[in-house]
$ cat data-v5.txt   # compact mmCIF, N, CA and C atoms
# COMPACT_ATOMS: atom_id res chain seq x y z
N MET D 110 153.23 124.27 93.82
CA MET D 110 151.88 124.02 94.30
C MET D 110 150.89 124.23 93.16
N SER D 111 150.01 123.30 92.98
CA SER D 111 149.00 123.40 91.92
C SER D 111 147.75 124.06 92.47
N THR D 112 147.18 124.94 91.69
CA THR D 112 145.94 125.60 92.10
C THR D 112 144.73 125.05 91.38
N SER D 113 144.94 124.08 90.50
CA SER D 113 143.80 123.55 89.76
C SER D 113 143.01 122.57 90.63
N LYS D 114 141.69 122.58 90.47
CA LYS D 114 140.86 121.66 91.23
C LYS D 114 140.78 120.33 90.49
N GLU D 115 140.33 119.32 91.16
CA GLU D 115 140.20 117.98 90.58
C GLU D 115 139.17 118.03 89.45
N MET D 116 139.56 117.59 88.27
CA MET D 116 138.67 117.61 87.12
C MET D 116 138.57 116.22 86.53
N THR D 117 137.49 115.97 85.84
CA THR D 117 137.30 114.71 85.15
C THR D 117 138.15 114.72 83.89
N THR D 118 138.87 113.64 83.63
CA THR D 118 139.70 113.55 82.43
C THR D 118 138.86 113.03 81.27
N TYR D 119 139.38 113.21 80.05
CA TYR D 119 138.62 112.70 78.91
C TYR D 119 138.58 111.19 78.90
N SER D 120 139.60 110.52 79.43
CA SER D 120 139.54 109.06 79.49
C SER D 120 138.44 108.60 80.46
N GLN D 121 138.24 109.33 81.56
CA GLN D 121 137.15 109.00 82.48
C GLN D 121 135.79 109.17 81.80
N VAL D 122 135.63 110.26 81.04
CA VAL D 122 134.37 110.48 80.33
C VAL D 122 134.17 109.39 79.29
N LEU D 123 135.20 109.07 78.50
CA LEU D 123 135.08 108.02 77.48
C LEU D 123 134.69 106.68 78.09
N ASN D 124 135.20 106.38 79.26
CA ASN D 124 134.87 105.11 79.92
C ASN D 124 133.43 105.04 80.37
N LYS D 125 132.81 106.20 80.66
CA LYS D 125 131.41 106.24 81.10
C LYS D 125 130.41 106.26 79.95
N LEU D 126 130.86 106.62 78.76
CA LEU D 126 129.93 106.78 77.64
C LEU D 126 129.11 105.52 77.33
N PRO D 127 129.71 104.32 77.24
CA PRO D 127 128.91 103.15 76.90
C PRO D 127 127.77 102.88 77.89
N GLU D 128 128.00 103.06 79.18
CA GLU D 128 126.94 102.80 80.16
C GLU D 128 125.82 103.82 80.07
N LYS D 129 126.09 104.97 79.47
CA LYS D 129 125.07 105.99 79.26
C LYS D 129 124.43 105.90 77.87
N GLY D 130 124.83 104.90 77.08
CA GLY D 130 124.25 104.71 75.75
C GLY D 130 124.97 105.44 74.64
N TYR D 131 126.17 105.98 74.91
CA TYR D 131 126.92 106.75 73.92
C TYR D 131 128.21 106.04 73.52
N GLY D 132 128.19 104.73 73.39
CA GLY D 132 129.40 103.96 73.13
C GLY D 132 129.85 103.90 71.69
N LYS D 133 129.05 104.40 70.75
CA LYS D 133 129.42 104.33 69.34
C LYS D 133 130.08 105.63 68.88
N GLU D 134 131.20 105.49 68.19
CA GLU D 134 131.88 106.67 67.66
C GLU D 134 131.29 107.02 66.29
N LEU D 135 131.14 108.30 66.03
CA LEU D 135 130.67 108.78 64.73
C LEU D 135 131.88 109.03 63.85
N ASN D 136 131.87 108.45 62.67
CA ASN D 136 132.97 108.61 61.72
C ASN D 136 132.50 109.43 60.53
N ILE D 137 133.24 110.48 60.21
CA ILE D 137 132.85 111.42 59.16
C ILE D 137 133.65 111.13 57.89
N SER D 138 132.93 111.12 56.77
CA SER D 138 133.57 110.91 55.47
C SER D 138 132.98 111.90 54.47
N ARG D 139 133.39 111.77 53.25
CA ARG D 139 132.90 112.67 52.20
C ARG D 139 131.38 112.55 52.02
N ALA D 140 130.85 111.34 52.11
CA ALA D 140 129.42 111.10 51.89
C ALA D 140 128.55 111.55 53.06
N GLY D 141 129.13 111.67 54.24
CA GLY D 141 128.38 112.01 55.45
C GLY D 141 129.06 111.38 56.64
N ALA D 142 128.28 110.86 57.56
CA ALA D 142 128.85 110.24 58.76
C ALA D 142 128.02 109.04 59.14
N LYS D 143 128.65 108.10 59.82
CA LYS D 143 127.90 106.98 60.36
C LYS D 143 128.53 106.51 61.66
N PHE D 144 127.67 105.96 62.51
CA PHE D 144 128.13 105.43 63.78
C PHE D 144 128.81 104.09 63.56
N ASP D 145 129.73 103.73 64.47
CA ASP D 145 130.38 102.42 64.41
C ASP D 145 129.34 101.33 64.16
N GLU D 146 129.66 100.44 63.26
CA GLU D 146 128.81 99.30 62.91
C GLU D 146 127.46 99.68 62.32
N GLY D 147 127.23 100.96 62.07
CA GLY D 147 125.97 101.39 61.49
C GLY D 147 126.00 101.36 59.98
N GLN D 148 124.85 101.32 59.38
CA GLN D 148 124.74 101.30 57.92
C GLN D 148 124.28 102.65 57.37
N GLU D 149 123.50 103.38 58.16
CA GLU D 149 122.90 104.63 57.69
C GLU D 149 123.94 105.75 57.62
N ILE D 150 124.02 106.39 56.45
CA ILE D 150 124.89 107.55 56.29
C ILE D 150 124.07 108.78 56.65
N LEU D 151 124.58 109.54 57.60
CA LEU D 151 123.86 110.68 58.15
C LEU D 151 124.46 111.99 57.67
N GLN D 152 123.60 112.96 57.48
CA GLN D 152 124.02 114.32 57.15
C GLN D 152 123.96 115.16 58.43
N PRO D 153 124.65 116.29 58.48
CA PRO D 153 124.67 117.09 59.71
C PRO D 153 123.28 117.44 60.24
N GLU D 154 122.35 117.68 59.35
CA GLU D 154 120.99 118.07 59.74
C GLU D 154 120.23 116.94 60.41
N GLN D 155 120.72 115.72 60.29
CA GLN D 155 120.08 114.55 60.91
C GLN D 155 120.64 114.26 62.30
N LEU D 156 121.55 115.11 62.77
CA LEU D 156 122.20 114.92 64.06
C LEU D 156 121.99 116.15 64.94
N LYS D 157 122.18 115.95 66.24
CA LYS D 157 122.19 117.05 67.20
C LYS D 157 123.34 116.81 68.17
N ILE D 158 124.09 117.85 68.45
CA ILE D 158 125.08 117.79 69.51
C ILE D 158 124.33 118.08 70.80
N VAL D 159 124.31 117.10 71.73
CA VAL D 159 123.54 117.27 72.95
C VAL D 159 124.41 117.60 74.16
N LYS D 160 125.72 117.45 74.02
CA LYS D 160 126.64 117.80 75.10
C LYS D 160 128.04 117.94 74.52
N THR D 161 128.78 118.92 75.03
CA THR D 161 130.17 119.14 74.61
C THR D 161 131.04 119.16 75.85
N TYR D 162 132.11 118.39 75.80
CA TYR D 162 133.11 118.38 76.87
C TYR D 162 134.42 118.86 76.27
N ARG D 163 135.03 119.85 76.89
CA ARG D 163 136.34 120.35 76.44
C ARG D 163 137.35 120.08 77.54
N PHE D 164 138.52 119.64 77.12
CA PHE D 164 139.60 119.31 78.05
C PHE D 164 140.85 120.06 77.65
N GLU D 165 141.51 120.65 78.63
CA GLU D 165 142.75 121.38 78.37
C GLU D 165 143.82 120.90 79.33
N GLY D 166 144.98 120.53 78.78
CA GLY D 166 146.10 120.14 79.62
C GLY D 166 146.67 121.36 80.32
N GLU D 167 147.15 121.16 81.54
CA GLU D 167 147.68 122.28 82.31
C GLU D 167 148.94 122.87 81.70
N SER D 168 149.78 122.01 81.10
CA SER D 168 151.06 122.52 80.61
C SER D 168 151.35 122.18 79.16
N ASP D 169 150.53 121.35 78.53
CA ASP D 169 150.83 120.89 77.19
C ASP D 169 149.63 121.13 76.27
N PRO D 170 149.75 122.03 75.30
CA PRO D 170 148.63 122.30 74.39
C PRO D 170 148.17 121.07 73.60
N SER D 171 149.03 120.07 73.45
CA SER D 171 148.63 118.87 72.72
C SER D 171 147.64 118.03 73.52
N ASP D 172 147.43 118.35 74.80
CA ASP D 172 146.45 117.64 75.63
C ASP D 172 145.03 118.15 75.43
N MET D 173 144.83 119.18 74.63
CA MET D 173 143.51 119.75 74.44
C MET D 173 142.66 118.83 73.56
N ALA D 174 141.43 118.55 74.02
CA ALA D 174 140.53 117.66 73.28
C ALA D 174 139.09 118.10 73.49
N VAL D 175 138.23 117.63 72.61
CA VAL D 175 136.80 117.87 72.72
C VAL D 175 136.07 116.56 72.45
N ILE D 176 135.01 116.33 73.22
CA ILE D 176 134.11 115.19 72.99
C ILE D 176 132.72 115.79 72.77
N TYR D 177 132.11 115.43 71.64
CA TYR D 177 130.73 115.81 71.36
C TYR D 177 129.86 114.57 71.54
N LEU D 178 128.78 114.68 72.32
CA LEU D 178 127.78 113.62 72.38
C LEU D 178 126.69 113.99 71.40
N LEU D 179 126.26 112.98 70.62
CA LEU D 179 125.31 113.24 69.54
C LEU D 179 124.12 112.30 69.58
N HIS D 180 122.99 112.79 69.08
CA HIS D 180 121.80 111.99 68.82
C HIS D 180 121.48 112.13 67.34
N SER D 181 121.02 111.04 66.74
CA SER D 181 120.54 111.13 65.35
C SER D 181 119.02 111.19 65.36
N ASP D 182 118.45 111.61 64.24
CA ASP D 182 116.99 111.65 64.10
C ASP D 182 116.37 110.27 64.26
N SER D 183 117.13 109.22 63.94
CA SER D 183 116.61 107.85 64.03
C SER D 183 116.82 107.24 65.42
N GLY D 184 117.36 108.01 66.37
CA GLY D 184 117.49 107.54 67.74
C GLY D 184 118.85 106.98 68.14
N GLU D 185 119.78 106.92 67.21
CA GLU D 185 121.12 106.45 67.57
C GLU D 185 121.82 107.51 68.40
N LYS D 186 122.72 107.04 69.28
CA LYS D 186 123.50 107.94 70.12
C LYS D 186 124.96 107.55 70.02
N GLY D 187 125.83 108.55 70.14
CA GLY D 187 127.25 108.26 70.09
C GLY D 187 128.06 109.51 70.36
N PHE D 188 129.32 109.46 69.95
CA PHE D 188 130.23 110.55 70.26
C PHE D 188 131.25 110.76 69.15
N ILE D 189 131.87 111.94 69.18
CA ILE D 189 133.05 112.25 68.38
C ILE D 189 134.10 112.74 69.36
N LEU D 190 135.30 112.20 69.26
CA LEU D 190 136.44 112.66 70.05
C LEU D 190 137.44 113.26 69.08
N ASN D 191 137.92 114.45 69.40
CA ASN D 191 138.87 115.11 68.52
C ASN D 191 139.82 115.96 69.34
N ALA D 192 141.02 116.12 68.82
CA ALA D 192 141.93 117.10 69.42
C ALA D 192 141.31 118.47 69.23
N TYR D 193 141.67 119.40 70.07
CA TYR D 193 141.05 120.72 70.06
C TYR D 193 142.11 121.77 69.76
N GLY D 194 141.74 122.76 68.97
CA GLY D 194 142.68 123.84 68.67
C GLY D 194 143.65 123.46 67.57
N THR D 195 144.90 123.75 67.78
CA THR D 195 145.95 123.54 66.79
C THR D 195 146.02 122.10 66.30
N TYR D 196 145.74 121.15 67.17
CA TYR D 196 145.90 119.74 66.84
C TYR D 196 144.60 119.08 66.41
N SER D 197 143.62 119.86 65.97
CA SER D 197 142.33 119.29 65.59
C SER D 197 142.47 118.35 64.40
N ASP D 198 141.38 117.70 64.07
CA ASP D 198 141.37 116.61 63.09
C ASP D 198 141.71 117.09 61.69
N GLU D 199 142.96 117.48 61.50
CA GLU D 199 143.44 117.99 60.21
C GLU D 199 143.47 116.90 59.14
N ASP D 200 143.58 115.64 59.54
CA ASP D 200 143.69 114.57 58.56
C ASP D 200 142.35 114.21 57.91
N ASN D 201 141.25 114.69 58.46
CA ASN D 201 139.94 114.45 57.86
C ASN D 201 139.45 115.79 57.31
N GLN D 202 139.58 115.95 56.01
CA GLN D 202 139.24 117.22 55.38
C GLN D 202 137.75 117.56 55.46
N TYR D 203 136.91 116.60 55.79
CA TYR D 203 135.46 116.82 55.84
C TYR D 203 134.98 117.18 57.25
N TYR D 204 135.83 116.98 58.25
CA TYR D 204 135.42 117.13 59.65
C TYR D 204 134.89 118.54 59.96
N ASN D 205 135.68 119.57 59.72
CA ASN D 205 135.31 120.93 60.13
C ASN D 205 133.99 121.39 59.52
N GLU D 206 133.84 121.21 58.22
CA GLU D 206 132.60 121.65 57.58
C GLU D 206 131.40 120.85 58.07
N PHE D 207 131.60 119.56 58.32
CA PHE D 207 130.50 118.72 58.80
C PHE D 207 130.07 119.15 60.19
N ILE D 208 131.01 119.23 61.12
CA ILE D 208 130.66 119.51 62.52
C ILE D 208 130.07 120.91 62.69
N LYS D 209 130.48 121.85 61.88
CA LYS D 209 129.92 123.21 61.96
C LYS D 209 128.43 123.24 61.63
N ARG D 210 127.98 122.28 60.83
CA ARG D 210 126.58 122.26 60.38
C ARG D 210 125.66 121.44 61.29
N VAL D 211 126.22 120.77 62.30
CA VAL D 211 125.40 119.98 63.22
C VAL D 211 124.80 120.92 64.27
N PRO D 212 123.46 120.94 64.38
CA PRO D 212 122.84 121.81 65.37
C PRO D 212 123.16 121.38 66.81
N VAL D 213 123.17 122.35 67.72
CA VAL D 213 123.46 122.08 69.13
C VAL D 213 122.17 122.24 69.93
N CYS D 214 121.88 121.24 70.75
CA CYS D 214 120.68 121.25 71.60
C CYS D 214 121.05 120.54 72.90
N ASP D 215 121.63 121.27 73.85
CA ASP D 215 122.10 120.68 75.10
C ASP D 215 120.95 120.00 75.85
N LEU D 216 121.25 118.80 76.36
CA LEU D 216 120.30 118.08 77.20
C LEU D 216 120.70 118.27 78.65
N GLU D 217 119.77 118.74 79.45
CA GLU D 217 120.06 119.04 80.86
C GLU D 217 120.44 117.79 81.64
N GLU D 218 119.87 116.63 81.29
CA GLU D 218 120.18 115.41 82.05
C GLU D 218 121.61 114.93 81.84
N LEU D 219 122.34 115.50 80.88
CA LEU D 219 123.73 115.14 80.66
C LEU D 219 124.69 116.11 81.35
N LYS D 220 124.16 116.93 82.22
CA LYS D 220 124.99 117.94 82.88
C LYS D 220 126.18 117.28 83.55
N GLU D 221 125.98 116.20 84.27
CA GLU D 221 127.06 115.46 84.92
C GLU D 221 127.09 114.06 84.35
N LEU D 222 128.20 113.68 83.81
CA LEU D 222 128.31 112.34 83.24
C LEU D 222 129.08 111.44 84.15
$ encode --input "data-v5.txt" --output "structure tokens"
Amino acid sequence: MSTSKEMTTYSQVLNKLPEKGYGKELNISRAGAKFDEGQEILQPEQLKIVKTYRFEGESDPSDMAVIYLLHSDSGEKGFILNAYGTYSDEDNQYYNEFIKRVPVCDLEELKEL
């Protein structure tokens, strides 16, 4: 018998992001980051994390993930999806230092997506 309550999955959240204006993924590189199809290279100080969603699998640690919703100073919106914990984005050496420097400013209207 499972005691866990019904929760939203990360695929359900990802499917809702475009209709809420967060359909662009932020890609981090050595020079900074930019949204899909964007030209502007952004530094962490030019972004804000406005919502964080964490997902944990009931039985498999590899199911752990995090989605950050972001706003840029220029008004762009998007997201970063990454594995959480042990399986985090180890292949991008710039990810951890970049994301640590992005300020967090939760938006109340994103409480339920």
$ axis_aligned_box --input "data-v5.txt" --around "stretch 175-190 of chain D" --padding-each-side "5 Å" --output "JSON"
{"center_x": 127.3, "center_y": 112.2, "center_z": 68.6, "size_x": 31.9, "size_y": 21.4, "size_z": 19.3}
$ residues_around --input "data-v5.txt" --residues "D:Ile150" --least-positions-apart "5" --cutoff "9 Å" --atoms "only C-alpha atoms" --output "list in words"
Ala140, Gly141, Ala142, Lys143 and Phe144 of chain D
$ atom_distance --input "data-v5.txt" --atom1 "atom CA of D:Ser181" --atom2 "atom CA of D:Arg139"
18.1 Å
$ atom_distance --input "data-v5.txt" --atom1 "atom CA of D:Asp215" --atom2 "atom CA of D:Glu128"
19.2 Å
$ closest_residue --input "data-v5.txt" --among "D:Ile137, D:Val213, D:Leu151, D:Ile189" --to "D:Val175" --atoms "only C-alpha atoms"
D:Ile189
